[in-house]
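Peer 1: Dropping the structure in here first, questions after.
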Amino acid sequence: MSALTLRFLMFDDGAGARLGIDAVDRILDLAATERAVFGGGELPGTLLELIKEGDKALDRVRGVLEKVDADPDRGRFVSVAGTRRLAPIPRPEQNVLCLGLNYASHLDEAEDVLGLPVRDNLDPALAAPAPPLTMFSKRPNTVIGPDSEIPLHAGVTDQIDYEAELAFVIGREGCNIPEEQAEQHVFGYTIINEMSARDLQVRHMQVFKGKSLDGYCPMGPVVVHRSAMPKTPAQGLKLQSRVNGELRHDTSTDLLIYDIPRALSILSQGMTLFPGDVVATGNPAGSGISFNPPKYLSAGDVVEVEIEGIGLLRNRIANR
């Protein structure tokens, strides 16, 4: 068995939602393993609670994993088969924060396809001038987990679109965070399919309603602690999406206009970020709206978002 790493997930095998560690074709039940290893339980039952408890809880997890790596028989594993993976943070305490127009390729889409004058207001402080950082949010009720169905919302929208995004989770509270200290406030990374109802965005003249329909924020399959990532987003994590097997997004996270330290610092100016806050870093070129004619999603379509070092997030559009 390869060494276990800090790849956190939430799962339910019929005995209730629990916190686990991704072990490829198995899941390490953290609470059950802690009891087996140490004879008692101190770990919280959810990832959100663990993040809030900080370094003490994280060190406890590391201690459990060290014991299991030394003697795998002490681990309490469950099979992936028959187990439902939940969103790593199934119900964030605050809105999911989102960054927009954060890839040059998406800026080009916005201008060429939508006719938006996004390059008319450039920030000269950037090495490659771009608009000031765009921010919006999605309500907590939008979050669903891997393999959960995305509601069709028939009669509400008929322009269902997908967005493939790297997201980071805040691990340490902070306000007015200097860019050079930003990484220390990141707990880890996950994937978000930042779903959008394009017709509602246009109808209501802003994005909030079209971004906040129930089930419009698939998240997962894991949150990888920053120490367990094979490389940093700035070093370039391969990012792809597919719809029914057809490649749509194909890029790298080193192409973010505002990298994570800079974006986090800007977000935190005058606005406190709390442990467990989730921030989606933006969508590159490749969403359905960018095609001519647009390739919006329909009932039964399967959307996959895959990011190097994190995994694959798969969801199907429901029939209703």
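Chain labels follow the order of the structure tokens: the first chain is A, the next B, and so on; residue numbering restarts at 1 in every chain, and ligands are counted from 1 in their shown order.
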Please report as CSV every residue of range 171-283 of chain A lying within 9 Å of range 51-56 of chain A, along with the nearest atom pair and their distance in Å (one decimal), using only C-alpha atoms.
Peer 2:
```
residue,atom,partner,partner_atom,distance
A:Gly171,CA,A:Ile51,CA,5.9
A:Arg172,CA,A:Gly54,CA,7.7
A:Phe187,CA,A:Ile51,CA,7.4
A:Phe274,CA,A:Lys52,CA,8.7
A:Pro275,CA,A:Lys52,CA,5.6
A:Gly276,CA,A:Ile51,CA,6.4
```
Peer 1: Give me the residues within 7 Å of Gly309 in chain A as a ChimeraX atom specification, counting only C-alpha atoms and dropping any in the same chain fewer than 2 places off.
Peer 2: /A:229-230,307,311
Peer 1: Considering only C-alpha atoms, state which residue in the set A:Glu34, A:Glu93, A:Asp12, A:Glu173 is at the smallest distance from Met271 in chain A.
Peer 2: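 When distances to Met271 in chain A are compared using only C-alpha atoms, the smallest one comes from A:Glu173.
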Peer 1: List every residue of range 33-183 of chain A that DSSP, applied to the backbone of this structure, assigns to alpha helix (DSSP H), and report them as number ranges by chain.
Peer 2: A: 33-38, 47-53, 55-70, 104-112
Peer 1: May I have the residues from that selection written out with C-alpha atoms, as a PDB file, in the first residue's frame?
Peer 2:
```
ATOM      1  CA  THR A  33      -9.066   4.249  12.643  1.00  0.00           C
ATOM      2  CA  GLU A  34      -8.265   6.783  15.363  1.00  0.00           C
ATOM      3  CA  ARG A  35     -10.173   4.663  17.878  1.00  0.00           C
ATOM      4  CA  ALA A  36      -8.327   1.537  16.732  1.00  0.00           C
ATOM      5  CA  VAL A  37      -4.919   3.213  16.852  1.00  0.00           C
ATOM      6  CA  PHE A  38      -5.187   5.401  19.947  1.00  0.00           C
ATOM      7  CA  LEU A  47     -13.780  18.348   7.266  1.00  0.00           C
ATOM      8  CA  LEU A  48     -15.182  21.796   8.045  1.00  0.00           C
ATOM      9  CA  GLU A  49     -14.795  21.168  11.784  1.00  0.00           C
ATOM     10  CA  LEU A  50     -11.277  19.832  11.265  1.00  0.00           C
ATOM     11  CA  ILE A  51     -10.269  22.938   9.328  1.00  0.00           C
ATOM     12  CA  LYS A  52     -11.652  25.136  12.101  1.00  0.00           C
ATOM     13  CA  GLU A  53      -9.692  23.262  14.768  1.00  0.00           C
ATOM     14  CA  ASP A  55      -3.011  22.560  13.389  1.00  0.00           C
ATOM     15  CA  LYS A  56      -3.846  20.433  16.430  1.00  0.00           C
ATOM     16  CA  ALA A  57      -6.438  18.400  14.522  1.00  0.00           C
ATOM     17  CA  LEU A  58      -4.217  18.208  11.457  1.00  0.00           C
ATOM     18  CA  ASP A  59      -1.324  16.873  13.538  1.00  0.00           C
ATOM     19  CA  ARG A  60      -3.677  14.259  15.008  1.00  0.00           C
ATOM     20  CA  VAL A  61      -4.570  13.122  11.471  1.00  0.00           C
ATOM     21  CA  ARG A  62      -0.887  12.913  10.564  1.00  0.00           C
ATOM     22  CA  GLY A  63      -0.319  10.755  13.632  1.00  0.00           C
ATOM     23  CA  VAL A  64      -3.094   8.377  12.577  1.00  0.00           C
ATOM     24  CA  LEU A  65      -1.721   8.094   9.044  1.00  0.00           C
ATOM     25  CA  GLU A  66       1.803   7.396  10.298  1.00  0.00           C
ATOM     26  CA  LYS A  67       0.493   4.485  12.385  1.00  0.00           C
ATOM     27  CA  VAL A  68      -1.442   3.040   9.443  1.00  0.00           C
ATOM     28  CA  ASP A  69       1.486   3.443   7.057  1.00  0.00           C
ATOM     29  CA  ALA A  70       3.625   1.478   9.526  1.00  0.00           C
ATOM     30  CA  ALA A 104      -6.919  35.448 -20.755  1.00  0.00           C
ATOM     31  CA  SER A 105      -8.683  32.829 -22.876  1.00  0.00           C
ATOM     32  CA  HIS A 106     -11.949  33.569 -21.060  1.00  0.00           C
ATOM     33  CA  LEU A 107     -11.443  37.302 -21.585  1.00  0.00           C
ATOM     34  CA  ASP A 108     -11.198  36.585 -25.299  1.00  0.00           C
ATOM     35  CA  GLU A 109     -14.432  34.565 -25.147  1.00  0.00           C
ATOM     36  CA  ALA A 110     -16.233  37.357 -23.324  1.00  0.00           C
ATOM     37  CA  GLU A 111     -15.207  39.860 -25.988  1.00  0.00           C
ATOM     38  CA  ASP A 112     -15.539  37.719 -29.101  1.00  0.00           C
TER      39      ASP A 112
END
```
Peer 1: Residues at most 12 Å from Arg226 in chain A, counting only C-alpha atoms, excluding those fewer than 3 positions away in the same chain, as a PDB file with C-alpha atoms, in the first residue's frame?
Peer 2:
```pdb
ATOM      1  CA  THR A   5      -1.583  11.520   2.184  1.00  0.00           C
ATOM      2  CA  LEU A   6      -3.812  14.379   3.308  1.00  0.00           C
ATOM      3  CA  ARG A   7      -6.506  13.891   0.665  1.00  0.00           C
ATOM      4  CA  PHE A   8      -9.683  14.542   2.661  1.00  0.00           C
ATOM      5  CA  ALA A 167     -10.907  26.123  -5.940  1.00  0.00           C
ATOM      6  CA  PHE A 168      -9.056  26.700  -2.698  1.00  0.00           C
ATOM      7  CA  VAL A 169     -10.294  26.413   0.876  1.00  0.00           C
ATOM      8  CA  ILE A 170      -9.331  28.916   3.545  1.00  0.00           C
ATOM      9  CA  GLY A 171      -7.608  27.367   6.551  1.00  0.00           C
ATOM     10  CA  GLU A 183      -0.391  30.781   1.010  1.00  0.00           C
ATOM     11  CA  GLN A 184      -0.348  30.231   4.783  1.00  0.00           C
ATOM     12  CA  HIS A 185      -4.083  30.972   4.837  1.00  0.00           C
ATOM     13  CA  VAL A 186      -4.880  28.224   2.304  1.00  0.00           C
ATOM     14  CA  PHE A 187      -5.856  24.842   3.737  1.00  0.00           C
ATOM     15  CA  GLY A 188      -6.068  22.993   0.456  1.00  0.00           C
ATOM     16  CA  TYR A 189      -7.486  22.628  -3.035  1.00  0.00           C
ATOM     17  CA  THR A 190     -10.540  21.076  -4.655  1.00  0.00           C
ATOM     18  CA  VAL A 223      -9.808  18.528  -0.669  1.00  0.00           C
ATOM     19  CA  MET A 229      -0.154  18.649  -3.708  1.00  0.00           C
ATOM     20  CA  PRO A 230       2.406  17.390  -6.264  1.00  0.00           C
ATOM     21  CA  LYS A 231       3.079  20.991  -7.263  1.00  0.00           C
ATOM     22  CA  THR A 232       1.543  24.406  -6.744  1.00  0.00           C
ATOM     23  CA  PRO A 233      -1.143  25.905  -8.994  1.00  0.00           C
ATOM     24  CA  GLY A 309      -3.155  16.281  -8.366  1.00  0.00           C
ATOM     25  CA  ILE A 310      -6.771  16.492  -7.192  1.00  0.00           C
TER      26      ILE A 310
END
```
Peer 1: Give me, please, the distance in Å between CA of Ile177 in chain A and CA of Gln269 in chain A, quoted to one decimal.
Peer 2: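 Between these atoms lies a distance of 7.1 Å.
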